[in-house]
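Here is the structure we will look at.
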Amino acid sequence: MTEQEAIDYAREKLHYFDEAASLSCKEIGDGNLNYVFRVIDDKTGQSLIIKQAGPVARISDEFIVSPDRNRIETDILRLQGTLAPGYVPEVYHYDAEKNCVVMEDLSDYTILRAAFLKHETYPKLAEHLSTFLVETLVSTSDLVLNHKEKKELVKSFTNPELCEITEDLVYTEPFYAHPRNDVFLGTRHFVEREIWGDKILALETAKLKFQFLTNAQALLHGDLHTGSIFVTQDATKIIDPEFAFYGPAGYDVGTIIANLIFAYVNAEHTSEGPSERESFQAYITTTIETLIDSFKTKFIQAFEAKATEHVARYDGFLEHYLQSVLEDATAVAGLELCRRIIGIAKVADITSIANTEARTKAEITCLTLGKAFILDRAKYQTGTDITNALKGATHVTH
Ligand code: SR1
Ligand code: MG
């Protein structure tokens, strides 16, 4: 669609605006895959979003991606809207021919990554995210769902092309000298020695990749970074679940932890002074600790309230299950920390660090932590286990 076609589409198909309304439209997408149009009634300010999926990724036509991702996004937004009310945008319409989904405009909200680049803080974020994670992950797992019903969901949310992107960009390419990687010059030597040169690390990433390929544990968002979260001081909305599929429940938890860490590392190198740095970093550490510890508490509560599987209630099973989810979360945080530094898809938290030496330090902090999280994933079971490691890695010199 062009911007004009989006206006025509809104008029002809959506019956959302007054017939006589004067509409304008801007393409506002800044992600790697899709086109996002905001259509607005100039007089009333009433607005909506049309998100359209093309046959190749916006970032590069090397990635052929099925437009069916729009159907998946629509279905999971509707499902998440019932499991975790208030945490996702409302879907108004899905069009399988035009491959677009029409939804609530969240223009009163800010994208969390952009807010974090300004070192803004959102005190309710950890509670909101832990609730969203538990409600969506526990309720779609075999702990709660009838197993046949769950298998129907597994079928419906089979998402091979988007999973392939994750399999390649998160689990594979960053861990050897793949031509698609994009390594910052200052970091290259460290990457060659500490990441590509480490066979034990390679083996652990292989184990984790097979876990991602085969463990259909819960219905995931699949790409829960800070660019997929909209915030105000009071509310949090999770957007963009087009990578959704049945995978290891720790995947979403780990992805968001890594992206909170990128914000912390950004503040280390770009804050105006010690007071801005210390207060923002204290906020991020509290957010990580509350996120993990509330996730555990809410997970246990949700299990007690909702689990239907008989054997899941045997003594020790819940502890075993939760511990493995947390272990996966730590490992995924490690993978995400490495892939955003080494691989093709970067994060602005790091690329916006203008000073070469500071960016190199920031990247090495992320890689050091990422490697430790992958190798020693079982060791990190609490929020402070993670934040102590973060503080340690930030202040080491290499
Ligand atoms: C080709 S897509 C690259 C990355 O952007 C998405 O947001 C996912 O994180 C993916 O890995
Ligand atoms: Mg996205």
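Ordering of the structure tokens sets the chain letters (A, B, ...), residue numbers begin anew at 1 in every chain, and ligands are numbered from 1 in the order given.
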
Q. What residues have any atom no more than 9 Å from ligand 1 when counting only C-alpha atoms and all ligand atoms, and can you list them as a PyMOL selection string?
A. chain A and resi 31-33+56-65+162+165-170+222-225+227-228+240+243+339-340+344-346

Go ahead and save the picked residues with C-alpha atoms, as a PDB file, in the first residue's frame.
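Contents of out18.pdb, freshly written:
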```pdb
ATOM      1  CA  GLY A  31      10.908  -2.391  12.181  1.00  0.00           C
ATOM      2  CA  ASN A  32      12.778  -4.883  10.049  1.00  0.00           C
ATOM      3  CA  LEU A  33       9.854  -6.572   8.326  1.00  0.00           C
ATOM      4  CA  VAL A  56      10.160 -10.105   1.754  1.00  0.00           C
ATOM      5  CA  ALA A  57      11.563  -8.369   4.820  1.00  0.00           C
ATOM      6  CA  ARG A  58      11.839  -4.608   4.769  1.00  0.00           C
ATOM      7  CA  ILE A  59      15.424  -4.836   6.083  1.00  0.00           C
ATOM      8  CA  SER A  60      16.592  -7.049   3.176  1.00  0.00           C
ATOM      9  CA  ASP A  61      14.976  -9.059   0.390  1.00  0.00           C
ATOM     10  CA  GLU A  62      17.293 -11.926   1.335  1.00  0.00           C
ATOM     11  CA  PHE A  63      14.566 -12.832   3.847  1.00  0.00           C
ATOM     12  CA  ILE A  64      11.543 -14.336   2.102  1.00  0.00           C
ATOM     13  CA  VAL A  65       8.817 -14.241   4.731  1.00  0.00           C
ATOM     14  CA  LEU A 162       9.749 -16.500  10.963  1.00  0.00           C
ATOM     15  CA  ILE A 165      14.901 -16.192  10.913  1.00  0.00           C
ATOM     16  CA  THR A 166      15.305 -16.773  14.653  1.00  0.00           C
ATOM     17  CA  GLU A 167      17.044 -20.121  14.132  1.00  0.00           C
ATOM     18  CA  ASP A 168      19.547 -18.426  11.816  1.00  0.00           C
ATOM     19  CA  LEU A 169      19.964 -14.974  13.354  1.00  0.00           C
ATOM     20  CA  VAL A 170      19.781 -15.868  17.041  1.00  0.00           C
ATOM     21  CA  GLY A 222       8.693 -14.754  19.827  1.00  0.00           C
ATOM     22  CA  ASP A 223      10.369 -11.328  19.582  1.00  0.00           C
ATOM     23  CA  LEU A 224       9.822  -9.554  22.888  1.00  0.00           C
ATOM     24  CA  HIS A 225      12.455  -6.838  22.698  1.00  0.00           C
ATOM     25  CA  GLY A 227      10.929  -2.213  20.317  1.00  0.00           C
ATOM     26  CA  SER A 228       7.895  -4.510  20.745  1.00  0.00           C
ATOM     27  CA  ASP A 240       4.281  -7.150  17.062  1.00  0.00           C
ATOM     28  CA  PHE A 243       7.188 -14.397  15.405  1.00  0.00           C
ATOM     29  CA  ARG A 339      23.396 -11.844  18.377  1.00  0.00           C
ATOM     30  CA  ARG A 340      22.536  -8.139  18.589  1.00  0.00           C
ATOM     31  CA  ILE A 344      22.846  -8.475  11.205  1.00  0.00           C
ATOM     32  CA  ALA A 345      19.952  -7.165  13.363  1.00  0.00           C
ATOM     33  CA  LYS A 346      21.343  -4.583  15.778  1.00  0.00           C
TER      34      LYS A 346
END
```

Close residues, Gly86 (chain A) itself excluded, 12 Å, only C-alpha atoms, min 5 positions apart in chain, as a JSON list (two decimals) with all heavy atoms, in the first residue's frame:
```
[["chain", "number", "residue", "atom", "x", "y", "z"],
["A", 77, "LEU", "N", -2.83, -11.88, 18.81],
["A", 77, "LEU", "CA", -3.25, -10.66, 19.52],
["A", 77, "LEU", "C", -4.64, -10.87, 20.13],
["A", 77, "LEU", "O", -4.90, -10.45, 21.26],
["A", 77, "LEU", "CB", -3.27, -9.46, 18.58],
["A", 77, "LEU", "CG", -1.92, -8.81, 18.27],
["A", 77, "LEU", "CD1", -2.08, -7.72, 17.23],
["A", 77, "LEU", "CD2", -1.26, -8.25, 19.53],
["A", 78, "ARG", "N", -5.50, -11.54, 19.38],
["A", 78, "ARG", "CA", -6.85, -11.79, 19.90],
["A", 78, "ARG", "C", -6.79, -12.73, 21.11],
["A", 78, "ARG", "O", -7.45, -12.51, 22.12],
["A", 78, "ARG", "CB", -7.75, -12.36, 18.81],
["A", 78, "ARG", "CG", -8.12, -11.27, 17.79],
["A", 78, "ARG", "CD", -9.03, -11.77, 16.70],
["A", 78, "ARG", "NE", -9.53, -10.66, 15.90],
["A", 78, "ARG", "CZ", -9.77, -10.71, 14.59],
["A", 78, "ARG", "NH1", -9.58, -11.84, 13.92],
["A", 78, "ARG", "NH2", -10.23, -9.65, 13.96],
["A", 79, "LEU", "N", -5.96, -13.77, 20.99],
["A", 79, "LEU", "CA", -5.83, -14.72, 22.10],
["A", 79, "LEU", "C", -5.20, -14.06, 23.33],
["A", 79, "LEU", "O", -5.70, -14.19, 24.46],
["A", 79, "LEU", "CB", -4.99, -15.92, 21.63],
["A", 79, "LEU", "CG", -4.74, -17.03, 22.65],
["A", 79, "LEU", "CD1", -6.05, -17.63, 23.14],
["A", 79, "LEU", "CD2", -3.88, -18.13, 22.03],
["A", 80, "GLN", "N", -4.13, -13.32, 23.10],
["A", 80, "GLN", "CA", -3.47, -12.64, 24.23],
["A", 80, "GLN", "C", -4.40, -11.61, 24.87],
["A", 80, "GLN", "O", -4.38, -11.40, 26.08],
["A", 80, "GLN", "CB", -2.18, -11.94, 23.77],
["A", 80, "GLN", "CG", -1.07, -12.92, 23.41],
["A", 80, "GLN", "CD", 0.13, -12.24, 22.77],
["A", 80, "GLN", "OE1", 0.01, -11.14, 22.22],
["A", 80, "GLN", "NE2", 1.27, -12.89, 22.83],
["A", 81, "GLY", "N", -5.24, -11.00, 24.04],
["A", 81, "GLY", "CA", -6.22, -10.03, 24.57],
["A", 81, "GLY", "C", -7.18, -10.68, 25.55],
["A", 81, "GLY", "O", -7.68, -10.03, 26.47],
["A", 104, "GLU", "N", -5.82, -0.94, 16.94],
["A", 104, "GLU", "CA", -5.82, 0.28, 17.76],
["A", 104, "GLU", "C", -4.51, 1.04, 17.58],
["A", 104, "GLU", "O", -3.44, 0.44, 17.56],
["A", 104, "GLU", "CB", -5.95, -0.21, 19.22],
["A", 104, "GLU", "CG", -5.99, 0.84, 20.26],
["A", 104, "GLU", "CD", -6.03, 0.20, 21.67],
["A", 104, "GLU", "OE1", -6.02, -1.05, 21.81],
["A", 104, "GLU", "OE2", -6.07, 0.99, 22.63],
["A", 128, "HIS", "N", 3.92, -5.29, 35.08],
["A", 128, "HIS", "CA", 3.10, -5.52, 33.87],
["A", 128, "HIS", "C", 3.68, -6.66, 33.03],
["A", 128, "HIS", "O", 2.95, -7.55, 32.59],
["A", 128, "HIS", "CB", 3.03, -4.24, 33.03],
["A", 128, "HIS", "CG", 2.20, -3.16, 33.66],
["A", 128, "HIS", "ND1", 2.23, -1.86, 33.23],
["A", 128, "HIS", "CD2", 1.32, -3.19, 34.68],
["A", 128, "HIS", "CE1", 1.40, -1.13, 33.96],
["A", 128, "HIS", "NE2", 0.84, -1.93, 34.85],
["A", 129, "LEU", "N", 4.98, -6.60, 32.81],
["A", 129, "LEU", "CA", 5.58, -7.63, 31.94],
["A", 129, "LEU", "C", 5.50, -9.01, 32.57],
["A", 129, "LEU", "O", 5.22, -10.01, 31.89],
["A", 129, "LEU", "CB", 7.05, -7.29, 31.65],
["A", 129, "LEU", "CG", 7.29, -6.14, 30.67],
["A", 129, "LEU", "CD1", 8.78, -5.84, 30.55],
["A", 129, "LEU", "CD2", 6.71, -6.47, 29.28],
["A", 131, "THR", "N", 3.27, -10.13, 34.61],
["A", 131, "THR", "CA", 1.87, -10.60, 34.50],
["A", 131, "THR", "C", 1.60, -11.09, 33.07],
["A", 131, "THR", "O", 1.06, -12.18, 32.86],
["A", 131, "THR", "CB", 0.88, -9.46, 34.84],
["A", 131, "THR", "OG1", 1.12, -9.08, 36.19],
["A", 131, "THR", "CG2", -0.57, -9.88, 34.67],
["A", 132, "PHE", "N", 1.98, -10.27, 32.09],
["A", 132, "PHE", "CA", 1.75, -10.65, 30.69],
["A", 132, "PHE", "C", 2.42, -11.99, 30.38],
["A", 132, "PHE", "O", 1.81, -12.89, 29.79],
["A", 132, "PHE", "CB", 2.29, -9.55, 29.77],
["A", 132, "PHE", "CG", 2.24, -9.92, 28.31],
["A", 132, "PHE", "CD1", 1.05, -9.80, 27.59],
["A", 132, "PHE", "CD2", 3.36, -10.42, 27.66],
["A", 132, "PHE", "CE1", 0.99, -10.17, 26.24],
["A", 132, "PHE", "CE2", 3.31, -10.79, 26.32],
["A", 132, "PHE", "CZ", 2.12, -10.67, 25.61],
["A", 135, "GLU", "N", 0.64, -14.94, 32.27],
["A", 135, "GLU", "CA", -0.72, -15.23, 31.77],
["A", 135, "GLU", "C", -0.68, -15.84, 30.38],
["A", 135, "GLU", "O", -1.48, -16.73, 30.07],
["A", 135, "GLU", "CB", -1.58, -13.94, 31.74],
["A", 135, "GLU", "CG", -1.88, -13.36, 33.12],
["A", 135, "GLU", "CD", -2.54, -14.36, 34.07],
["A", 135, "GLU", "OE1", -3.27, -15.25, 33.60],
["A", 135, "GLU", "OE2", -2.27, -14.27, 35.28],
["A", 234, "ASP", "N", 1.53, 4.56, 33.20],
["A", 234, "ASP", "CA", 0.57, 3.67, 33.86],
["A", 234, "ASP", "C", 0.29, 2.37, 33.15],
["A", 234, "ASP", "O", -0.29, 1.47, 33.75],
["A", 234, "ASP", "CB", -0.79, 4.41, 34.00],
["A", 234, "ASP", "CG", -0.66, 5.53, 35.00],
["A", 234, "ASP", "OD1", -0.08, 5.28, 36.06],
["A", 234, "ASP", "OD2", -1.10, 6.65, 34.69],
["A", 235, "ALA", "N", 0.63, 2.31, 31.88],
["A", 235, "ALA", "CA", 0.20, 1.13, 31.11],
["A", 235, "ALA", "C", 1.31, 0.61, 30.22],
["A", 235, "ALA", "O", 2.25, 1.34, 29.87],
["A", 235, "ALA", "CB", -1.02, 1.50, 30.26],
["A", 236, "THR", "N", 1.18, -0.66, 29.86],
["A", 236, "THR", "CA", 2.16, -1.33, 29.00],
["A", 236, "THR", "C", 1.39, -2.13, 27.95],
["A", 236, "THR", "O", 0.44, -2.83, 28.30],
["A", 236, "THR", "CB", 3.03, -2.30, 29.85],
["A", 236, "THR", "OG1", 3.65, -1.55, 30.89],
["A", 236, "THR", "CG2", 4.10, -2.97, 29.01],
["A", 237, "LYS", "N", 1.79, -1.99, 26.70],
["A", 237, "LYS", "CA", 1.15, -2.79, 25.64],
["A", 237, "LYS", "C", 2.24, -3.51, 24.86],
["A", 237, "LYS", "O", 3.25, -2.89, 24.48],
["A", 237, "LYS", "CB", 0.38, -1.91, 24.65],
["A", 237, "LYS", "CG", -0.73, -1.09, 25.29],
["A", 237, "LYS", "CD", -2.08, -1.73, 25.12],
["A", 237, "LYS", "CE", -3.16, -0.75, 25.60],
["A", 237, "LYS", "NZ", -4.43, -1.42, 25.85],
["A", 238, "ILE", "N", 1.99, -4.77, 24.61],
["A", 238, "ILE", "CA", 2.95, -5.60, 23.90],
["A", 238, "ILE", "C", 2.45, -5.72, 22.45],
["A", 238, "ILE", "O", 1.32, -6.17, 22.23],
["A", 238, "ILE", "CB", 3.03, -7.02, 24.51],
["A", 238, "ILE", "CG1", 3.02, -6.99, 26.04],
["A", 238, "ILE", "CG2", 4.23, -7.78, 23.95],
["A", 238, "ILE", "CD1", 4.13, -6.32, 26.73],
["A", 239, "ILE", "N", 3.30, -5.35, 21.51],
["A", 239, "ILE", "CA", 2.89, -5.36, 20.10],
["A", 239, "ILE", "C", 3.74, -6.35, 19.31],
["A", 239, "ILE", "O", 4.68, -6.94, 19.85],
["A", 239, "ILE", "CB", 3.00, -3.95, 19.48],
["A", 239, "ILE", "CG1", 4.47, -3.45, 19.52],
["A", 239, "ILE", "CG2", 2.11, -2.96, 20.22],
["A", 239, "ILE", "CD1", 4.76, -2.32, 18.55]]
```

Q. Counting only C-alpha atoms, which of A:Asp198, A:Asp42, A:Glu268, A:Glu90 gets nearest to Lys361 (chain A)?
A. A:Glu268

Q. For Ile374 (chain A), which of A:Ala393, A:Ala331, A:Leu318, A:Ile200 is the closest residue, counting only C-alpha atoms?
A. A:Ala331

Q: From a DSSP pass on the backbone, collect the residues of region 237-284 of chain A flagged as alpha helix (DSSP H) and hand them back as a ChimeraX atom specification.
A: /A:250-270,274-284

Long-range neighbours of region 186-196 of chain A as a PDB file with C-alpha atoms, in the first residue's frame, 6 Å cut-off, only C-alpha atoms, 3 positions minimum in chain:
```
ATOM      1  CA  PHE A 175      28.513 -18.077  16.698  1.00  0.00           C
ATOM      2  CA  TYR A 176      30.771 -18.572  13.691  1.00  0.00           C
ATOM      3  CA  VAL A 183      30.939  -7.004  13.522  1.00  0.00           C
ATOM      4  CA  THR A 360      33.669  -1.319  21.903  1.00  0.00           C
TER       5      THR A 360
END
```

Q.
Between CA of Leu48 (chain A) and CA of Ser24 (chain A), what distance in Å does the model show, to one decimal?
A. 11.1 Å

Q | Backbone DSSP call of strand (DSSP E) for region 204-255 of chain A, listed as a count of residues only | A | 12

(Q) From the options A:Cys366, A:Val231, A:Ala216, A:Val311, which residue's atoms come nearest to Asn259 (chain A), counting only C-alpha atoms? (A)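 The shortest atom-to-atom distance to Asn259 (chain A) comes from A:Cys366.
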